[in-house]
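Q: Supplied in structure tokens, the structure appears directly below.
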Amino acid sequence: MASLKDLRNRIASVKATRKITKAMQMVAAAKLRRAQEVATAARPYAERMDAVLASLAGKITSREGASPLLVGTGKSDTHLLIVMTAERGLCGGFNSNIAKLARADALRLMRDGKTVKIMTVGRKGADNLRRDLNKQIIDRRDFRGVRQLSFTDAEGIANRVLDMFEAGEFDVATIYFSEFQSVISQKPTPLQIIPAKLPEAKDDGAVAKNSAVYEYEPDEQVILGQLLKRNIATQIFRGLLENAASEQGARMSAMDNATRNAGDMIDKLTITYNRQRQAQITKELIEIISGAEAL
């Protein structure tokens, strides 16, 4: 059984830990609001980009001269998985859930005889996948020194992906990120970006009242080729922003749970300390009384 001094030291240690987790919870809550606003503001742009690309793709009558970014290379032998996680831990299952989804897909593709290549964005992604898929990791990107993510950061990743695609290093590319839903809910999401997986155009047999007919100059195929490249950077940037909001939400929730658990542990240790102290006092009183009676 621990001594009274050991219990006092442990109570003090847990109290210090509770102060740290409470501070981290407050910091995450402050960062979450800004990250959530940015992620929410980026969604309509990415969704509208998909809609424009789907409209342009629907106007192309011949697929023979279409961009490989839209129709693919005609095969799916090599897959590039872009796994985006955080640079830091202490955010519950945020990083491990994304890595778990990517690992499951990678192993499934490898069982099907496909070649898998992995690019990790964020230090924790590489740490999670290194044990099982270290040989498949071909590139690692981290933003440890970046305080605020920008579109330029996403463009750097997109340019690397495009260079690899043009060099014929892969056929299909998929990004993995966590879509922010709420403070307690973040959904790990895969999104195929090469070839572009565009929403299907709705055809109900009638022309909508708010629909418009567009004429493109230059032609649709040229514009589509340019937009497809920009769409890759846009979707990667969206994934980074969703991850930033999800990370802060997961950290806020995890630190809140840690603070509550620390409080419960302090209560239990305090009860144990008081009981042991009372037992020790009672023992000393019994010894004093026994000694007095012996005289």
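Residues in the structure tokens are named by chain (A, B, ... in the order shown) and by number from 1 within that chain; ligands are numbered from 1 in the order shown.
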Please provide as a ChimeraX atom specification all residues within 8 Å of Gln36 in chain A, with the sequence filter that same-chain residues fewer than 6 positions apart are discarded (counting only C-alpha atoms).
A: /A:180,242,245
Q: Pull N, CA and C atoms from the residues just selected and write them as a short mmCIF file (atom, residue, chain, number, x, y, z; two decimals), in the first residue's frame.
A:
```cif
data_model
loop_
_atom_site.label_atom_id
_atom_site.label_comp_id
_atom_site.auth_asym_id
_atom_site.auth_seq_id
_atom_site.Cartn_x
_atom_site.Cartn_y
_atom_site.Cartn_z
N PHE A 180 -15.09 17.24 -41.15
CA PHE A 180 -15.59 17.78 -39.89
C PHE A 180 -17.11 17.82 -39.92
N GLU A 242 -10.48 20.67 -43.74
CA GLU A 242 -11.36 19.79 -42.98
C GLU A 242 -10.57 19.11 -41.86
N ALA A 245 -9.92 21.54 -38.88
CA ALA A 245 -11.08 21.70 -38.01
C ALA A 245 -11.34 20.41 -37.22
#
```
Q: Mind checking which residues fall within 7 Å of Lys22 in chain A, counting only C-alpha atoms, ignoring those fewer than 4 positions away in the same chain, and posting them as number ranges by chain?
A: A: 18, 26, 255-256, 259
Q: Would you mind exporting N, CA, C and O atoms of the selected residues as a compact mmCIF listing (two decimals), in the first residue's frame?
A:
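Output saved as again.txt:
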```txt
# COMPACT_ATOMS: atom_id res chain seq x y z
N ARG A 18 -4.20 17.84 -14.78
CA ARG A 18 -5.52 18.39 -15.06
C ARG A 18 -5.45 19.84 -15.52
O ARG A 18 -6.20 20.25 -16.40
N MET A 26 -9.00 24.53 -23.71
CA MET A 26 -9.38 25.91 -23.98
C MET A 26 -8.70 26.44 -25.23
O MET A 26 -9.30 27.16 -26.04
N MET A 255 -9.33 16.30 -24.66
CA MET A 255 -8.83 16.99 -23.47
C MET A 255 -9.94 17.20 -22.44
O MET A 255 -9.68 17.20 -21.24
N ASP A 256 -11.17 17.36 -22.90
CA ASP A 256 -12.29 17.47 -21.98
C ASP A 256 -12.47 16.15 -21.22
O ASP A 256 -12.66 16.13 -19.99
N THR A 259 -9.63 15.79 -18.75
CA THR A 259 -9.83 16.64 -17.57
C THR A 259 -10.83 16.02 -16.61
O THR A 259 -10.63 16.02 -15.38
```
Q: Taking only C-alpha atoms into account, which of A:Ser13, A:Thr189, A:Asn128, A:Ser150 comes nearest Gly89 in chain A?
A: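 Comparing A:Ser13, A:Thr189, A:Asn128, A:Ser150 against Gly89 in chain A, the winner is A:Asn128.
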Q: Which residue, A:Arg147, A:His79, A:Arg123, A:Arg130, has the smallest gap to Arg108 in chain A when you use only C-alpha atoms?
A: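 Between A:Arg147, A:His79, A:Arg123, A:Arg130, the residue approaching Arg108 in chain A most closely is A:His79.
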Q: What lies within 8 Å of Ala254 in chain A using only C-alpha atoms, ignoring chain neighbours under 2 positions off, as a list in words?
A: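 Counting only C-alpha atoms, the residues come to Leu90, Cys91, Gly92, Ala250, Arg251, Met252, Asp256, Asn257 and Ala258 of chain A.
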Q: I'd like to know which residues of range 73-275 of chain A are alpha helix (DSSP H) (by DSSP, run on the backbone); could you write them as JSON, numbers by chain?
A: {"A": [94, 95, 96, 97, 98, 99, 100, 101, 102, 103, 104, 105, 106, 107, 108, 109, 110, 111, 123, 124, 125, 126, 127, 128, 129, 130, 131, 132, 133, 151, 152, 153, 154, 155, 156, 157, 158, 159, 160, 161, 162, 163, 164, 165, 166, 220, 221, 222, 223, 224, 225, 226, 227, 228, 229, 230, 231, 232, 233, 234, 235, 236, 237, 238, 239, 240, 241, 242, 243, 244, 245, 246, 247, 248, 249, 250, 251, 252, 253, 254, 255, 256, 257, 258, 259, 260, 261, 262, 263, 264, 265, 266, 267, 268, 269, 270, 271, 272, 273, 274, 275]}
Q: Residues within 10 Å of Thr272 in chain A, please, as a ChimeraX atom specification. Count only C-alpha atoms; anything in the same chain fewer than 5 positions from it doesn't count.
A: /A:2,4,7,266-267,277-278
Q: Would you mind exporting the chosen residues as an mmCIF file, in the first residue's frame, restricted to N, CA, C and O atoms?
A:
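Below you can see again.cif, which holds the result:
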```cif
data_model
loop_
_atom_site.group_PDB
_atom_site.id
_atom_site.type_symbol
_atom_site.label_atom_id
_atom_site.label_comp_id
_atom_site.auth_asym_id
_atom_site.auth_seq_id
_atom_site.Cartn_x
_atom_site.Cartn_y
_atom_site.Cartn_z
ATOM 1 N N ALA A 2 0.489 2.235 -0.790
ATOM 2 C CA ALA A 2 1.268 3.457 -0.892
ATOM 3 C C ALA A 2 1.203 4.244 0.408
ATOM 4 O O ALA A 2 0.192 4.243 1.117
ATOM 5 N N LEU A 4 1.354 7.767 2.824
ATOM 6 C CA LEU A 4 0.637 9.039 2.717
ATOM 7 C C LEU A 4 1.400 10.027 1.852
ATOM 8 O O LEU A 4 0.806 10.788 1.073
ATOM 9 N N LEU A 7 0.821 9.184 -1.795
ATOM 10 C CA LEU A 7 -0.512 9.590 -2.229
ATOM 11 C C LEU A 7 -0.595 11.098 -2.436
ATOM 12 O O LEU A 7 -1.213 11.568 -3.395
ATOM 13 N N ILE A 266 -8.557 12.233 -8.959
ATOM 14 C CA ILE A 266 -8.223 13.027 -7.774
ATOM 15 C C ILE A 266 -9.187 12.723 -6.639
ATOM 16 O O ILE A 266 -8.782 12.579 -5.473
ATOM 17 N N ASP A 267 -10.475 12.622 -6.958
ATOM 18 C CA ASP A 267 -11.477 12.304 -5.932
ATOM 19 C C ASP A 267 -11.199 10.937 -5.297
ATOM 20 O O ASP A 267 -11.264 10.787 -4.061
ATOM 21 N N ARG A 277 -5.110 7.931 6.177
ATOM 22 C CA ARG A 277 -4.689 8.858 7.231
ATOM 23 C C ARG A 277 -5.500 8.620 8.506
ATOM 24 O O ARG A 277 -4.953 8.621 9.621
ATOM 25 N N GLN A 278 -6.817 8.410 8.342
ATOM 26 C CA GLN A 278 -7.659 8.148 9.504
ATOM 27 C C GLN A 278 -7.272 6.837 10.169
ATOM 28 O O GLN A 278 -7.257 6.730 11.408
#
```
Q: Could you tell me how far CA of Gln136 in chain A lies from CA of Leu109 in chain A, in Å and to one decimal?
A: 12.2 Å
Q: What's the separation between CA of Lys31 in chain A and CA of Ala158 in chain A, in Å to one decimal place?
A: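 Taking CA of Lys31 in chain A and CA of Ala158 in chain A, their separation equals 26.3 Å.
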Q: Give me, as a PyMOL selection string, all polymer residues having an atom no more than 12 Å from Pro188 in chain A, counting only C-alpha atoms and skipping those fewer than 4 positions away in the same chain.
A: chain A and resi 83-85+93-102+175-181+239+242-243+246-247
Q: Just list as JSON, numbers by chain whatever in range 14-198 of chain A DSSP marks as strand (DSSP E).
A: {"A": [78, 79, 80, 81, 82, 83, 84, 115, 116, 117, 118, 119, 120, 121, 137, 138, 139, 140, 141, 172, 173, 174, 175, 176, 177, 178, 179, 180, 181, 182, 185, 186, 187, 188, 189, 190, 191, 192, 193, 194]}
Q: Could you turn the residues from that selection into a file that holds N, CA, C and O atoms, as a compact mmCIF listing (two decimals), in the first residue's frame?
A:
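What follows is the written file again-v7.txt:
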```
# COMPACT_ATOMS: atom_id res chain seq x y z
N THR A 78 -1.76 0.76 -60.55
CA THR A 78 -0.99 1.41 -59.49
C THR A 78 -1.84 2.50 -58.84
O THR A 78 -2.38 3.36 -59.54
N HIS A 79 -1.94 2.44 -57.53
CA HIS A 79 -2.75 3.40 -56.78
C HIS A 79 -1.86 4.25 -55.89
O HIS A 79 -0.97 3.72 -55.20
N LEU A 80 -2.12 5.55 -55.88
CA LEU A 80 -1.44 6.47 -54.98
C LEU A 80 -2.43 6.90 -53.90
O LEU A 80 -3.49 7.44 -54.20
N LEU A 81 -2.08 6.64 -52.64
CA LEU A 81 -2.92 7.01 -51.51
C LEU A 81 -2.26 8.19 -50.80
O LEU A 81 -1.13 8.08 -50.32
N ILE A 82 -2.97 9.31 -50.75
CA ILE A 82 -2.46 10.51 -50.09
C ILE A 82 -3.15 10.61 -48.73
O ILE A 82 -4.33 10.96 -48.65
N VAL A 83 -2.42 10.26 -47.68
CA VAL A 83 -2.99 10.17 -46.33
C VAL A 83 -2.66 11.45 -45.57
O VAL A 83 -1.50 11.72 -45.27
N MET A 84 -3.69 12.22 -45.25
CA MET A 84 -3.50 13.51 -44.59
C MET A 84 -3.92 13.41 -43.12
O MET A 84 -5.07 13.10 -42.81
N THR A 115 -0.50 -2.40 -57.23
CA THR A 115 0.66 -1.76 -56.63
C THR A 115 0.20 -0.51 -55.88
O THR A 115 -0.54 0.31 -56.43
N VAL A 116 0.63 -0.38 -54.63
CA VAL A 116 0.19 0.73 -53.79
C VAL A 116 1.38 1.61 -53.44
O VAL A 116 2.44 1.12 -53.03
N LYS A 117 1.21 2.90 -53.65
CA LYS A 117 2.19 3.90 -53.22
C LYS A 117 1.49 4.88 -52.30
O LYS A 117 0.34 5.24 -52.53
N ILE A 118 2.19 5.30 -51.25
CA ILE A 118 1.58 6.15 -50.24
C ILE A 118 2.37 7.44 -50.08
O ILE A 118 3.60 7.41 -49.98
N MET A 119 1.66 8.55 -50.08
CA MET A 119 2.24 9.85 -49.74
C MET A 119 1.56 10.31 -48.45
O MET A 119 0.34 10.40 -48.39
N THR A 120 2.33 10.57 -47.42
CA THR A 120 1.77 11.02 -46.16
C THR A 120 1.93 12.53 -46.03
O THR A 120 2.99 13.08 -46.33
N VAL A 121 0.86 13.17 -45.59
CA VAL A 121 0.87 14.61 -45.33
C VAL A 121 0.57 14.77 -43.85
O VAL A 121 -0.55 14.55 -43.41
N ILE A 137 5.52 3.71 -48.58
CA ILE A 137 5.59 5.17 -48.40
C ILE A 137 6.72 5.72 -49.27
O ILE A 137 7.90 5.42 -49.06
N ILE A 138 6.34 6.54 -50.25
CA ILE A 138 7.32 7.07 -51.20
C ILE A 138 7.62 8.55 -50.96
O ILE A 138 8.62 9.08 -51.46
N ASP A 139 6.77 9.23 -50.23
CA ASP A 139 6.98 10.66 -50.00
C ASP A 139 6.31 11.05 -48.69
O ASP A 139 5.24 10.54 -48.35
N ARG A 140 6.94 11.96 -47.97
CA ARG A 140 6.39 12.45 -46.71
C ARG A 140 6.42 13.97 -46.71
O ARG A 140 7.45 14.58 -46.97
N ARG A 141 5.28 14.55 -46.42
CA ARG A 141 5.16 16.00 -46.33
C ARG A 141 4.69 16.36 -44.92
O ARG A 141 3.81 15.69 -44.37
N VAL A 172 -4.31 5.75 -60.40
CA VAL A 172 -5.43 6.27 -59.61
C VAL A 172 -4.87 6.91 -58.35
O VAL A 172 -3.98 6.36 -57.70
N ALA A 173 -5.40 8.10 -58.00
CA ALA A 173 -4.97 8.79 -56.78
C ALA A 173 -6.19 9.07 -55.91
O ALA A 173 -7.24 9.50 -56.39
N THR A 174 -6.03 8.81 -54.62
CA THR A 174 -7.11 9.03 -53.65
C THR A 174 -6.55 9.73 -52.43
O THR A 174 -5.47 9.37 -51.95
N ILE A 175 -7.27 10.75 -51.96
CA ILE A 175 -6.85 11.43 -50.74
C ILE A 175 -7.70 10.93 -49.58
O ILE A 175 -8.87 10.57 -49.74
N TYR A 176 -7.10 10.91 -48.39
CA TYR A 176 -7.77 10.48 -47.17
C TYR A 176 -7.68 11.62 -46.16
O TYR A 176 -6.60 12.10 -45.84
N PHE A 177 -8.83 12.04 -45.67
CA PHE A 177 -8.89 13.11 -44.67
C PHE A 177 -10.09 12.86 -43.78
O PHE A 177 -10.87 11.91 -44.00
N SER A 178 -10.25 13.70 -42.79
CA SER A 178 -11.37 13.57 -41.86
C SER A 178 -12.31 14.75 -42.07
O SER A 178 -11.94 15.90 -41.85
N GLU A 179 -13.54 14.44 -42.48
CA GLU A 179 -14.53 15.49 -42.71
C GLU A 179 -15.13 15.93 -41.38
O GLU A 179 -15.61 15.12 -40.59
N PHE A 180 -15.09 17.24 -41.15
CA PHE A 180 -15.59 17.78 -39.89
C PHE A 180 -17.11 17.82 -39.92
O PHE A 180 -17.72 18.38 -40.82
N GLN A 181 -17.73 17.20 -38.91
CA GLN A 181 -19.19 17.22 -38.77
C GLN A 181 -19.61 17.96 -37.51
O GLN A 181 -20.54 18.76 -37.54
N SER A 182 -18.93 17.68 -36.40
CA SER A 182 -19.19 18.39 -35.16
C SER A 182 -17.99 18.19 -34.25
O SER A 182 -17.02 17.51 -34.61
N SER A 185 -17.80 14.54 -33.63
CA SER A 185 -17.95 13.65 -34.79
C SER A 185 -17.08 14.14 -35.94
O SER A 185 -17.28 15.24 -36.46
N GLN A 186 -16.11 13.31 -36.31
CA GLN A 186 -15.27 13.57 -37.47
C GLN A 186 -15.22 12.29 -38.31
O GLN A 186 -14.88 11.23 -37.77
N LYS A 187 -15.55 12.39 -39.56
CA LYS A 187 -15.72 11.21 -40.40
C LYS A 187 -14.53 11.02 -41.33
O LYS A 187 -14.30 11.83 -42.23
N PRO A 188 -13.73 9.95 -41.15
CA PRO A 188 -12.65 9.66 -42.10
C PRO A 188 -13.23 9.41 -43.50
O PRO A 188 -14.16 8.62 -43.65
N THR A 189 -12.68 10.11 -44.49
CA THR A 189 -13.28 10.11 -45.82
C THR A 189 -12.23 9.88 -46.89
O THR A 189 -11.21 10.57 -46.91
N PRO A 190 -12.46 8.94 -47.82
CA PRO A 190 -11.60 8.82 -49.01
C PRO A 190 -12.23 9.59 -50.18
O PRO A 190 -13.46 9.59 -50.33
N LEU A 191 -11.42 10.24 -50.98
CA LEU A 191 -11.92 10.99 -52.14
C LEU A 191 -10.96 10.78 -53.31
O LEU A 191 -9.79 11.16 -53.24
N GLN A 192 -11.46 10.17 -54.36
CA GLN A 192 -10.64 9.94 -55.55
C GLN A 192 -10.53 11.23 -56.34
O GLN A 192 -11.52 11.86 -56.69
N ILE A 193 -9.30 11.63 -56.63
CA ILE A 193 -9.07 12.88 -57.37
C ILE A 193 -8.50 12.65 -58.76
O ILE A 193 -8.60 13.52 -59.62
N ILE A 194 -7.90 11.50 -59.01
CA ILE A 194 -7.40 11.14 -60.34
C ILE A 194 -7.76 9.69 -60.59
O ILE A 194 -7.31 8.81 -59.85
```
Q: Rounded to one decimal, what separation in Å do you get between CA of Leu133 in chain A and CA of Arg103 in chain A?
A: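 Interatomic distance, CA of Leu133 in chain A to CA of Arg103 in chain A: 7.9 Å.
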Q: With only C-alpha atoms as the atoms that count, which of A:Gly145, A:Gly156, A:Pro44, A:Pro195 lies nearest to Phe170 in chain A?
A: A:Pro195
Q: If we count only C-alpha atoms and set the cut-off at 8 Å, which residues sit around Gly249 in chain A, ignoring sequence neighbours fewer than 4 positions away in its own chain? Please answer as a short mmCIF file (atom, residue, chain, number, x, y, z; two decimals) with C-alpha atoms, in the first residue's frame.
A:
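Result file is selection-v5.cif:
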```
data_model
loop_
_atom_site.label_atom_id
_atom_site.label_comp_id
_atom_site.auth_asym_id
_atom_site.auth_seq_id
_atom_site.Cartn_x
_atom_site.Cartn_y
_atom_site.Cartn_z
CA ALA A 28 -8.35 23.88 -28.93
CA ALA A 29 -11.75 25.51 -28.41
CA LEU A 32 -11.71 25.36 -33.45
CA SER A 182 -19.19 18.39 -35.16
CA VAL A 183 -16.95 18.64 -32.12
CA ILE A 184 -17.61 15.01 -31.24
CA ALA A 245 -11.08 21.70 -38.01
CA SER A 253 -13.17 16.49 -26.91
#
```
Q: With distances taken over only C-alpha atoms, which residue among A:Leu129, A:Leu240, A:Gly113, A:Ala66 lies nearest Thr152 in chain A?
A: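 The shortest atom-to-atom distance to Thr152 in chain A comes from A:Leu240.
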Q: Excluding Met49 in chain A and any residue of its chain fewer than 3 positions from it, enumerate the residues within 12 Å of it, using only C-alpha atoms, and give them as a list in words.
A: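 Close residues of Met49 in chain A: Ala42, Arg43, Pro44, Tyr45, Ala46, Val52, Leu53, Ala54, Ser55, Leu56, Ala196, Lys197, Leu198, Pro199, Leu224, Leu227, Leu228, Lys229, Arg230, Asn231, Ile232, Ala233, Thr234, Gln235 and Arg238 of chain A.
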